[in-house]
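Worksheet: the structure to be examined is printed underneath.
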Amino acid sequence: MNTTCLIVDDEKLARDLLREYLEGYPEITIVGECAKGSDAVEQINKLKPDILFLDVQMPGMNGFDVLDEIDHEPYVIFTTAYDQYAIKAFEKNAVDYLLKPLDEERFRSAVNRALKR
């Protein structure tokens, strides 16, 4: 079974790193990426990804605003530089909360957790 994911981060380097890390998962297909929360809402509702890699701080809408606006409920892995939002993320049923700079081993643990669900 193929698992789909969407990458949402306003930093191109962060999106590129996530893409690179995901190359090790042939069972995961990246269906798109977004740099803004408003674009993310549209793409999530349209593409209905299984896994969502979501930054917290973005221009316009933050990651929590995005989750409040979507109809589809993917497994969410937050990817952010801010540790103070972790409790709120888990209150939103996040699979994991990864701090930047991303650690590949920690990333793999989060992805494996999402795939098991």
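Identifiers in the structure tokens: chain A, B, ... in order shown; residue index from 1 per chain; ligand index from 1 in order shown.
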
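Within region 23-114 of chain A, DSSP run on the backbone puts these residues in strand (DSSP E or B): Ile28, Thr29, Ile30, Val31, Gly32, Glu33, Cys34, Ile51, Leu52, Phe53, Leu54, Tyr75, Val76, Ile77, Phe78, Thr79, Thr80, Asp96, Tyr97, Leu98 and Leu99 of chain A.
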
Counting only C-alpha atoms, what is within 12 Å of Asn112 (chain A), bar same-chain residues fewer than 4 positions away, as a PyMOL selection string?
-> chain A and resi 3+22+24-25+27-28+51+75+77+95-96+105-108+116-117

Please identify all polymer residues within 10 Å of His72 (chain A), counting only C-alpha atoms, omitting same-chain residues fewer than 2 positions from it, and present them as a PyMOL selection string.
-> chain A and resi 41+44-50+67+69-70+74-75

Can I get the selected residues back with N, CA, C and O atoms, as a PDB file, in the first residue's frame?
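Generated file (selection-v2.pdb):
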```
ATOM      1  N   VAL A  41      -4.085  24.421   3.385  1.00  0.00           N
ATOM      2  CA  VAL A  41      -5.490  24.057   3.625  1.00  0.00           C
ATOM      3  C   VAL A  41      -6.116  23.547   2.330  1.00  0.00           C
ATOM      4  O   VAL A  41      -6.756  22.486   2.305  1.00  0.00           O
ATOM      5  N   ILE A  44      -4.437  20.120   1.313  1.00  0.00           N
ATOM      6  CA  ILE A  44      -4.805  19.015   2.210  1.00  0.00           C
ATOM      7  C   ILE A  44      -6.213  18.534   1.907  1.00  0.00           C
ATOM      8  O   ILE A  44      -6.466  17.331   1.795  1.00  0.00           O
ATOM      9  N   ASN A  45      -7.140  19.473   1.763  1.00  0.00           N
ATOM     10  CA  ASN A  45      -8.525  19.094   1.477  1.00  0.00           C
ATOM     11  C   ASN A  45      -8.674  18.473   0.093  1.00  0.00           C
ATOM     12  O   ASN A  45      -9.517  17.605  -0.111  1.00  0.00           O
ATOM     13  N   LYS A  46      -7.834  18.886  -0.848  1.00  0.00           N
ATOM     14  CA  LYS A  46      -7.902  18.360  -2.211  1.00  0.00           C
ATOM     15  C   LYS A  46      -7.203  17.001  -2.328  1.00  0.00           C
ATOM     16  O   LYS A  46      -7.752  16.060  -2.881  1.00  0.00           O
ATOM     17  N   LEU A  47      -5.980  16.912  -1.804  1.00  0.00           N
ATOM     18  CA  LEU A  47      -5.154  15.717  -1.998  1.00  0.00           C
ATOM     19  C   LEU A  47      -5.344  14.643  -0.930  1.00  0.00           C
ATOM     20  O   LEU A  47      -4.994  13.493  -1.152  1.00  0.00           O
ATOM     21  N   LYS A  48      -5.841  15.036   0.226  1.00  0.00           N
ATOM     22  CA  LYS A  48      -6.092  14.117   1.340  1.00  0.00           C
ATOM     23  C   LYS A  48      -4.888  13.217   1.652  1.00  0.00           C
ATOM     24  O   LYS A  48      -4.982  11.984   1.608  1.00  0.00           O
ATOM     25  N   PRO A  49      -3.746  13.831   1.981  1.00  0.00           N
ATOM     26  CA  PRO A  49      -2.555  13.026   2.266  1.00  0.00           C
ATOM     27  C   PRO A  49      -2.717  12.208   3.545  1.00  0.00           C
ATOM     28  O   PRO A  49      -3.448  12.598   4.452  1.00  0.00           O
ATOM     29  N   ASP A  50      -2.015  11.092   3.592  1.00  0.00           N
ATOM     30  CA  ASP A  50      -2.041  10.250   4.789  1.00  0.00           C
ATOM     31  C   ASP A  50      -1.214  10.881   5.911  1.00  0.00           C
ATOM     32  O   ASP A  50      -1.587  10.810   7.077  1.00  0.00           O
ATOM     33  N   LEU A  67      -4.658  23.294  10.770  1.00  0.00           N
ATOM     34  CA  LEU A  67      -5.393  22.128  11.270  1.00  0.00           C
ATOM     35  C   LEU A  67      -6.841  22.470  11.603  1.00  0.00           C
ATOM     36  O   LEU A  67      -7.733  21.634  11.430  1.00  0.00           O
ATOM     37  N   GLU A  69      -8.676  24.492   9.995  1.00  0.00           N
ATOM     38  CA  GLU A  69      -9.414  24.796   8.765  1.00  0.00           C
ATOM     39  C   GLU A  69      -9.623  23.612   7.831  1.00  0.00           C
ATOM     40  O   GLU A  69     -10.371  23.724   6.870  1.00  0.00           O
ATOM     41  N   ILE A  70      -8.974  22.491   8.082  1.00  0.00           N
ATOM     42  CA  ILE A  70      -9.061  21.374   7.133  1.00  0.00           C
ATOM     43  C   ILE A  70     -10.203  20.422   7.474  1.00  0.00           C
ATOM     44  O   ILE A  70     -10.617  20.300   8.621  1.00  0.00           O
ATOM     45  N   PRO A  74      -5.171  14.068   8.413  1.00  0.00           N
ATOM     46  CA  PRO A  74      -3.989  13.227   8.213  1.00  0.00           C
ATOM     47  C   PRO A  74      -3.238  13.016   9.524  1.00  0.00           C
ATOM     48  O   PRO A  74      -3.509  13.693  10.524  1.00  0.00           O
ATOM     49  N   TYR A  75      -2.294  12.093   9.508  1.00  0.00           N
ATOM     50  CA  TYR A  75      -1.377  11.958  10.635  1.00  0.00           C
ATOM     51  C   TYR A  75      -0.398  13.121  10.536  1.00  0.00           C
ATOM     52  O   TYR A  75       0.230  13.318   9.487  1.00  0.00           O
TER      53      TYR A  75
END
```

Check chain A with DSSP on the backbone and list each residue it calls helix (DSSP H, G or I), as JSON, numbers by chain.
-> {"A": [12, 13, 14, 15, 16, 17, 18, 19, 20, 21, 22, 37, 38, 39, 40, 41, 42, 43, 44, 45, 46, 47, 63, 64, 65, 66, 67, 68, 69, 83, 84, 85, 86, 87, 88, 89, 90, 91, 104, 105, 106, 107, 108, 109, 110, 111, 112, 113, 114, 115, 116]}

Selected residue of minimal separation from Tyr85 (chain A) among A:Val56, A:Leu18, A:Met61, A:Leu102, counting only C-alpha atoms = A:Val56

Near-Phe53 (chain A) list (10 Å; only C-alpha atoms; drop same-chain fewer than 4 positions) as an NGL selection string | :A and (5-9 or 15 or 18 or 33 or 63 or 74-80 or 96-98 or 111)

Please measure the separation of CA of Pro59 (chain A) and CA of Asp103 (chain A), giving the value in Å to one decimal.
-> 24.5 Å

Have a look at CA of Asp39 (chain A) and CA of Asp65 (chain A) and let me know their distance in Å, one decimal.
-> 12.1 Å

Neighbours of Glu11 (chain A) within 9 Å (only C-alpha atoms; same-chain residues fewer than 4 positions away dropped), as a CSV table (one decimal) with C-alpha atoms, in the first residue's frame?
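Here's the written file part-v7.csv:
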```csv
chain,number,residue,atom,x,y,z
A,15,ARG,CA,11.2,21.3,2.5
A,16,ASP,CA,14.3,20.1,0.6
A,35,ALA,CA,5.1,27.3,1.7
A,58,MET,CA,4.5,30.5,8.8
```

Distance in Å - CA of Ala14 (chain A) versus CA of Leu52 (chain A) =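 Taking CA of Ala14 (chain A) as the start and CA of Leu52 (chain A) as the end point, the length is 14.0 Å.
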
Select, from A:Asp71, A:Leu99, A:Thr4, A:Glu20, the residue with the minimum atom-to-atom distance to Gln84 (chain A), counting only C-alpha atoms.
->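 Comparing A:Asp71, A:Leu99, A:Thr4, A:Glu20 against Gln84 (chain A), the winner is A:Leu99.
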